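The data block below is query13.cif; it holds mmCIF, C-alpha atoms (C1' of nucleotides).
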data_model
loop_
_atom_site.label_atom_id
_atom_site.label_comp_id
_atom_site.auth_asym_id
_atom_site.auth_seq_id
_atom_site.Cartn_x
_atom_site.Cartn_y
_atom_site.Cartn_z
CA MET W 1 109.66 95.34 133.96
CA VAL W 2 109.89 92.77 131.18
CA ARG W 3 107.99 94.97 128.76
CA GLY W 4 110.20 97.89 129.66
CA ILE W 5 113.51 96.23 128.86
CA ARG W 6 112.57 93.80 126.09
CA PRO W 7 112.77 96.19 123.09
CA PHE W 8 116.22 97.36 124.16
CA VAL W 9 117.63 93.97 125.08
CA GLU W 10 116.37 91.17 122.85
CA GLY W 11 118.81 90.29 120.10
CA ARG W 12 121.73 92.08 121.69
CA ARG W 13 125.13 90.63 122.58
CA ALA W 14 126.39 90.77 126.17
CA ILE W 15 129.91 92.14 126.45
CA ASP W 16 130.29 92.74 130.18
CA PHE W 17 128.81 91.84 133.53
CA LYS W 18 130.01 93.84 136.48
CA GLY W 19 129.06 93.25 140.09
CA CYS W 20 128.81 95.65 142.97
CA PRO W 21 131.12 98.57 143.49
CA THR W 22 133.37 97.90 146.49
CA HIS W 23 131.32 99.99 148.89
CA CYS W 24 128.15 98.10 148.09
CA ARG W 25 127.47 95.00 150.13
CA PRO W 26 127.12 92.12 147.67
CA ILE W 27 123.66 90.68 147.26
CA SER W 28 123.04 87.10 146.38
CA ILE W 29 124.53 86.63 142.92
CA LEU W 30 125.20 83.02 142.00
CA PRO W 31 127.56 82.02 140.66
CA PRO W 32 129.97 84.88 141.51
CA CYS W 33 130.02 87.81 139.08
CA ALA W 34 133.27 86.82 137.40
CA ASP W 35 131.80 83.42 136.49
CA VAL W 36 128.57 84.98 135.23
CA PHE W 37 130.67 87.24 133.05
CA HIS W 38 132.65 84.37 131.55
CA LYS W 39 129.58 82.27 130.88
CA ILE W 40 127.48 84.92 129.14
CA GLN W 41 130.04 87.12 127.40
CA ASN W 42 129.44 87.34 123.66
CA GLN W 43 126.12 85.52 124.02
CA VAL W 44 123.02 87.06 122.48
CA VAL W 45 119.85 87.56 124.51
CA THR W 46 117.29 85.46 122.68
CA THR W 47 114.26 86.18 124.87
CA VAL W 48 113.22 88.35 127.78
CA GLY W 49 110.43 86.74 129.79
CA ARG W 50 109.26 86.07 133.28
CA MET W 51 108.21 83.29 135.60
CA GLY W 52 105.88 84.65 138.24
CA LYS W 53 107.64 87.71 139.62
CA ARG W 54 111.05 86.70 138.28
CA ILE W 55 112.61 88.20 135.18
CA VAL W 56 114.33 85.71 132.88
CA LEU W 57 116.92 86.62 130.23
CA GLU W 58 117.69 83.67 128.02
CA PHE W 59 120.98 83.61 126.12
CA SER W 60 121.91 81.92 122.86
CA ASN W 61 123.95 79.32 124.76
CA ARG W 62 120.73 78.37 126.62
CA LEU W 63 121.82 79.84 129.95
CA SER W 64 119.19 81.85 131.83
CA LEU W 65 119.89 84.88 133.95
CA VAL W 66 117.10 85.14 136.52
CA ILE W 67 116.49 88.33 138.47
CA GLU W 68 114.25 88.29 141.53
CA PRO W 69 113.72 91.94 142.54
CA ARG W 70 111.80 91.17 145.76
CA MET W 71 110.93 94.33 147.71
CA THR W 72 113.00 97.12 146.22
CA GLY W 73 114.85 95.79 143.19
CA LEU W 74 114.66 97.88 140.02
CA VAL W 75 115.64 96.74 136.54
CA LEU W 76 116.68 99.87 134.67
CA MET W 77 117.78 100.82 131.17
CA SER W 78 118.78 104.30 132.31
CA HIS W 79 121.29 105.15 135.02
CA PRO W 80 120.29 104.20 138.58
CA PRO W 81 119.50 106.82 141.25
CA ASP W 82 122.86 106.26 142.97
CA THR W 83 125.78 103.86 142.83
CA THR W 84 125.47 102.92 146.50
CA HIS W 85 122.75 100.37 145.87
CA LEU W 86 123.78 99.31 142.41
CA ARG W 87 124.07 95.50 142.31
CA PHE W 88 125.14 94.74 138.75
CA GLU W 89 125.52 96.22 135.30
CA LEU W 90 125.09 94.08 132.19
CA LYS W 91 126.55 95.74 129.08
CA PHE W 92 125.60 95.08 125.47
CA SER W 93 127.57 95.61 122.29
CA GLY W 94 126.72 98.37 119.87
CA ARG W 95 126.01 102.02 120.46
CA ARG W 96 122.34 102.74 120.79
CA GLN W 97 120.10 104.77 123.05
CA PHE W 98 120.54 102.31 125.95
CA ASN W 99 123.48 99.94 126.21
CA SER W 100 123.21 98.50 129.71
CA ILE W 101 120.80 96.91 132.12
CA TRP W 102 121.33 98.10 135.67
CA PHE W 103 120.00 96.21 138.66
CA TRP W 104 119.54 98.60 141.56
CA ASP W 105 118.19 97.34 144.86
CA ARG W 106 117.95 99.60 147.87
CA ARG W 107 117.32 96.92 150.50
CA GLY W 108 119.37 94.26 148.79
CA LEU W 109 116.94 91.40 149.35
CA GLY W 110 116.87 90.64 145.64
CA THR W 111 118.67 87.70 144.08
CA VAL W 112 120.36 87.09 140.74
CA ARG W 113 121.10 83.60 139.44
CA LEU W 114 122.44 82.02 136.29
CA PHE W 115 120.93 78.64 135.42
CA ASP W 116 121.94 75.88 133.06
CA PRO W 117 119.11 74.63 130.80
CA ASP W 118 118.66 71.44 132.83
CA GLN W 119 118.65 73.26 136.15
CA ARG W 120 116.08 75.74 135.01
CA GLU W 121 113.05 73.51 135.27
CA ASN W 122 113.80 72.19 138.74
CA ALA W 123 115.40 75.20 140.29
CA LEU W 124 112.87 77.85 139.38
CA GLY W 125 110.33 76.12 137.26
CA LYS W 126 106.91 74.72 137.59
CA THR W 127 107.75 72.30 140.36
CA ARG W 128 108.34 75.26 142.65
CA LEU W 129 106.04 77.93 141.27
CA GLY W 130 102.29 77.47 140.98
CA PRO W 131 100.35 78.28 137.81
CA ASP W 132 100.77 81.86 136.67
CA ALA W 133 98.22 84.32 138.02
CA LEU W 134 97.34 85.48 134.48
CA GLU W 135 96.75 81.91 133.26
CA ILE W 136 95.24 80.01 136.17
CA THR W 137 91.74 78.66 135.54
CA GLU W 138 88.74 78.64 137.82
CA ALA W 139 89.03 74.87 138.18
CA GLN W 140 92.64 75.26 139.29
CA TRP W 141 91.63 77.88 141.83
CA ARG W 142 89.03 75.53 143.28
CA GLU W 143 91.41 72.61 143.41
CA ARG W 144 94.34 74.51 144.91
CA LEU W 145 92.48 76.74 147.37
CA GLY W 146 90.46 73.73 148.48
CA ARG W 147 93.60 72.08 149.73
CA THR W 148 94.57 74.73 152.32
CA ARG W 149 92.95 76.07 155.45
CA ARG W 150 94.96 79.28 155.56
CA ALA W 151 93.30 82.68 155.19
CA ILE W 152 92.59 83.48 151.54
CA LYS W 153 94.86 86.55 151.67
CA THR W 154 97.76 84.43 152.87
CA ALA W 155 97.06 81.77 150.26
CA LEU W 156 97.14 84.36 147.43
CA LEU W 157 100.68 85.32 148.47
CA ASP W 158 101.93 81.72 148.30
CA GLN W 159 103.91 81.52 145.05
CA LYS W 160 103.67 77.73 145.05
CA LEU W 161 99.90 77.98 145.05
CA VAL W 162 99.75 80.69 142.37
CA ALA W 163 102.67 82.65 140.95
CA GLY W 164 102.67 86.41 140.56
CA ILE W 165 100.51 88.00 143.27
CA GLY W 166 102.18 90.28 145.83
CA ASN W 167 101.00 92.12 148.91
CA ILE W 168 99.48 95.18 147.22
CA TYR W 169 97.50 93.20 144.69
CA ALA W 170 96.30 90.56 147.17
CA SER W 171 94.40 93.28 149.04
CA GLU W 172 93.17 95.00 145.88
CA ILE W 173 92.01 91.71 144.35
CA LEU W 174 90.05 90.62 147.42
CA HIS W 175 88.33 93.99 147.63
CA ARG W 176 87.37 93.78 143.99
CA ALA W 177 86.10 90.23 144.54
CA ARG W 178 84.22 91.28 147.71
CA ILE W 179 85.87 88.55 149.79
CA ASP W 180 86.93 88.93 153.43
CA PRO W 181 90.73 88.46 153.59
CA GLN W 182 90.35 86.34 156.72
CA ARG W 183 88.11 83.75 155.10
CA CYS W 184 89.45 80.22 155.03
CA ALA W 185 90.73 79.55 151.53
CA ASP W 186 88.83 76.24 151.38
CA SER W 187 85.53 77.86 152.36
CA LEU W 188 84.97 79.93 149.19
CA ASN W 189 81.81 78.99 147.33
CA SER W 190 81.53 78.80 143.59
CA ASN W 191 80.36 82.38 143.14
CA GLU W 192 83.22 83.67 145.24
CA LEU W 193 85.73 81.62 143.31
CA LYS W 194 84.32 83.02 140.10
CA ARG W 195 84.60 86.59 141.38
CA LEU W 196 88.14 85.91 142.58
CA ALA W 197 89.22 84.53 139.20
CA VAL W 198 87.83 87.60 137.43
CA ALA W 199 89.30 90.04 139.95
CA VAL W 200 92.79 88.55 139.70
CA ARG W 201 92.80 89.06 135.94
CA SER W 202 91.31 92.53 135.90
CA VAL W 203 93.42 93.94 138.73
CA LEU W 204 96.69 92.51 137.41
CA GLU W 205 96.02 93.40 133.79
CA LEU W 206 95.29 97.03 134.60
CA ALA W 207 98.22 97.20 137.02
CA ILE W 208 100.54 95.88 134.32
CA GLU W 209 99.15 98.31 131.78
CA LEU W 210 99.69 101.19 134.20
CA GLU W 211 103.18 99.93 135.06
CA GLY W 212 102.63 99.15 138.72
CA SER W 213 102.26 101.16 141.89
CA THR W 214 104.66 103.86 143.01
CA LEU W 215 103.76 104.78 146.57
CA GLY W 216 104.62 107.91 148.53
CA ASP W 217 108.07 106.74 149.46
CA GLY W 218 108.39 105.96 145.78
CA THR W 219 110.39 102.78 145.59
CA TYR W 220 109.06 101.24 142.40
CA ARG W 221 110.09 102.70 139.04
CA ASN W 222 109.79 101.36 135.53
CA ALA W 223 112.73 100.57 133.28
CA LEU W 224 113.12 104.24 132.40
CA ASN W 225 113.02 105.23 136.08
CA LYS W 226 109.54 106.68 135.80
CA PRO W 227 106.80 106.05 138.39
CA GLY W 228 103.87 103.75 137.67
CA GLN W 229 100.24 104.90 137.81
CA TYR W 230 98.33 102.06 139.40
CA GLN W 231 98.53 103.67 142.86
CA ASN W 232 95.81 106.00 141.59
CA GLU W 233 93.53 102.98 141.19
CA HIS W 234 94.08 101.59 144.68
CA ARG W 235 90.78 101.09 146.47
CA VAL W 236 92.15 99.85 149.78
CA TYR W 237 95.95 99.55 149.84
CA MET W 238 97.46 102.21 152.13
CA ARG W 239 94.04 103.83 152.48
CA ASP W 240 93.18 102.81 156.04
CA GLY W 241 91.14 105.43 157.83
CA GLU W 242 89.59 106.66 154.59
CA GLN W 243 85.98 106.13 153.60
CA CYS W 244 85.59 103.29 151.11
CA THR W 245 84.81 104.89 147.74
CA THR W 246 83.02 101.78 146.53
CA CYS W 247 80.27 101.56 149.18
CA ASN W 248 80.57 104.92 150.98
CA ARG W 249 79.44 103.09 154.10
CA ALA W 250 82.56 101.97 155.91
CA THR W 251 86.14 102.94 156.66
CA ILE W 252 89.09 101.06 155.19
CA LEU W 253 90.82 98.99 157.86
CA ARG W 254 94.39 97.73 158.15
CA MET W 255 95.30 94.49 159.85
CA VAL W 256 98.28 92.16 159.94
CA GLN W 257 98.17 88.64 158.54
CA THR W 258 101.30 86.48 158.69
CA GLN W 259 103.42 89.57 159.34
CA ARG W 260 102.11 91.54 156.37
CA SER W 261 99.60 94.36 156.12
CA THR W 262 96.17 93.64 154.75
CA PHE W 263 93.73 96.40 153.85
CA HIS W 264 90.02 95.83 153.44
CA CYS W 265 86.54 97.33 153.66
CA SER W 266 84.43 95.74 156.37
CA TYR W 267 81.23 96.47 154.45
CA CYS W 268 82.19 95.46 150.90
CA GLN W 269 84.07 92.43 152.17
CA LYS W 270 81.72 91.37 154.95
CA TRP W 271 82.01 87.69 155.77
CA SER W 272 78.93 86.24 154.14
CA GLY W 273 79.13 82.54 154.87
CA TRP W 274 78.23 80.01 152.23
CA LEU W 275 74.72 81.18 151.52
CA ILE W 276 74.86 84.64 150.06
CA GLU W 277 76.48 85.42 146.77
"C1'" DA D 1 116.36 106.98 170.55
"C1'" DT D 2 113.55 102.93 169.80
"C1'" DT D 3 110.06 100.68 167.18
"C1'" DA D 4 107.65 99.44 163.34
"C1'" DA D 5 106.78 99.74 158.72
"C1'" DT D 6 108.02 98.86 153.74
"C1'" DG D 7 105.83 95.55 145.64
"C1'" DT D 8 109.63 89.21 149.50
"C1'" DT D 9 111.29 84.60 150.17
"C1'" DC D 10 113.17 80.77 152.71
"C1'" DA D 11 114.87 77.62 156.43
"C1'" DG D 12 113.68 75.74 160.49
"C1'" DA D 13 110.49 75.11 164.21
"C1'" DA D 14 105.84 74.40 165.99
"C1'" DT R 1 102.06 67.24 156.59
"C1'" DT R 2 100.94 72.18 156.99
"C1'" DT R 3 101.56 76.61 158.90
"C1'" DC R 4 103.97 80.07 161.49
"C1'" DT R 5 108.21 82.86 162.80
"C1'" DG R 6 112.43 85.16 162.23
"C1'" DA R 7 116.10 86.64 159.38
"C1'" DA R 8 118.26 88.62 155.36
"C1'" DC R 9 118.67 94.43 154.42
"C1'" DA R 10 118.21 99.76 154.18
"C1'" DT R 11 115.57 103.65 155.06
"C1'" DT R 12 111.94 106.44 156.87
"C1'" DA R 13 108.11 107.83 159.87
"C1'" DA R 14 105.96 107.72 164.26
#
What do you get writing this file as structure tokens?
Amino acid sequence: MVRGIRPFVEGRRAIDFKGCPTHCRPISILPPCADVFHKIQNQVVTTVGRMGKRIVLEFSNRLSLVIEPRMTGLVLMSHPPDTTHLRFELKFSGRRQFNSIWFWDRRGLGTVRLFDPDQRENALGKTRLGPDALEITEAQWRERLGRTRRAIKTALLDQKLVAGIGNIYASEILHRARIDPQRCADSLNSNELKRLAVAVRSVLELAIELEGSTLGDGTYRNALNKPGQYQNEHRVYMRDGEQCTTCNRATILRMVQTQRSTFHCSYCQKWSGWLIE
DNA sequence: ATTAATGTTCAGAA
DNA sequence: TTTCTGAACATTAA
């Protein structure tokens, strides 16, 4: 998402911020849209970045607009699919190919917040989010996973433990690392931790390169409203009942852990105790 | 027609 | 303290 909007947004001056149309139930936008508009109008976007799964637009007056898309939020440079689920439009000055960011969110679980520079650190910063999934070291994995007895799959989804892994990639990562999703996080041996650290990087880097996963019902789209391609690389996610293409020995299973689906291969990810690598 | 599922997070309870 | 549950919401498939 960040890569998709950055070239069209950095260096541009905000001239309008409009909230929901009247028929659209307002999502969580803080402060209210009118205040956001007054605080960022005529400010230039200095950087487009992210913290974990959140998109951060920083303005020349040091305010940060933080978008948290959650399940179905899309950050678009082109017009959204419909106006029913449009949550805000941010307009820029000048006449170029794209002149607005649209935030479109079908379920409306997403949030949008504007932070002062001093709030930023506490409110969304490192005290609340764990180390980024693309940066975290093997030593950090050992230290942080060693402090929880939850299932490893559940631990990977905890943004305070590590920031940036969601439900699809938790399953894909554990399959790649050949780790049973139900294993206690603090029971992973050194080889398993090593495999996990490598799998997190390789799965996420390829997924980012391929612009994410657009499943059958097709919720996720990139900034130009085009589908991603990582769904073609899925080895387990939404493939329950199919033969595992990695081992050709077992069927992909689906189970529920802390109210979320987990997919895994019972052969590739067989619980192997502390002895076997 | 219900029910359960869906790239998520958080408060409040166990 | 840590971990689990339900709710916020819209839409679709079983």
Starting from the shown file, work through the PyMOL selection byres ((chain D) within 9 of (chain W)) and note down what comes out as a PDB file with C-alpha atoms (C1' of nucleotides), in the coordinates of the input.
ATOM      1  C1'  DT D   6     108.020  98.860 153.740  1.00  0.00           C
ATOM      2  C1'  DG D   7     105.830  95.550 145.640  1.00  0.00           C
ATOM      3  C1'  DT D   8     109.630  89.210 149.500  1.00  0.00           C
ATOM      4  C1'  DT D   9     111.290  84.600 150.170  1.00  0.00           C
TER       5       DT D   9
END
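Near chain R, within 10 Å and using all atoms listed in the file, the residues of chain W are Arg25, Ile27, Thr72, His85, Asp105, Arg106, Arg107, Gly108, Leu109, Gly110, Thr148, Arg149, Arg150, Asp217, Thr258 and Gln259 of chain W.
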Q: Quote the spacing between atom CA of His264 of chain W and atom CA of His175 of chain W in Å to one decimal place.
A: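 Pair atom CA of His264 of chain W / atom CA of His175 of chain W returns 6.3 Å.
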Q: Counting all atoms listed in the file, write as an NGL selection string all protein and nucleic acid residues lying at most 12 Å from (102.7, 81.5, 144.2) in the file's frame.
A: (:W and (51-54 or 124-134 or 136 or 141 or 144-145 or 153-167 or 170)) or (:D and (8-9))
Q: Using the chain letters and residue numbers of this document, give as a list in words the residues selected by the PyMOL selection byres ((chain W and resi 66) around 6).
A: Ile55, Val56, Leu65, Ile67, Val112 and Arg113 of chain W
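A straight line drawn from atom CA of Met77 of chain W to atom CA of Asp118 of chain W is 29.4 Å long.
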Q) Separation of atom CA of Ala34 of chain W and atom CA of Thr83 of chain W, in Å? A)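 Going from atom CA of Ala34 of chain W over to atom CA of Thr83 of chain W, I get 19.4 Å.
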Q: Evaluate the PyMOL selection byres ((chain W and resi 8) around 8) and record the selected residues as number ranges by chain, following the chain and residue labels used in the document.
A: W: 5-7, 9-10, 77, 98-99
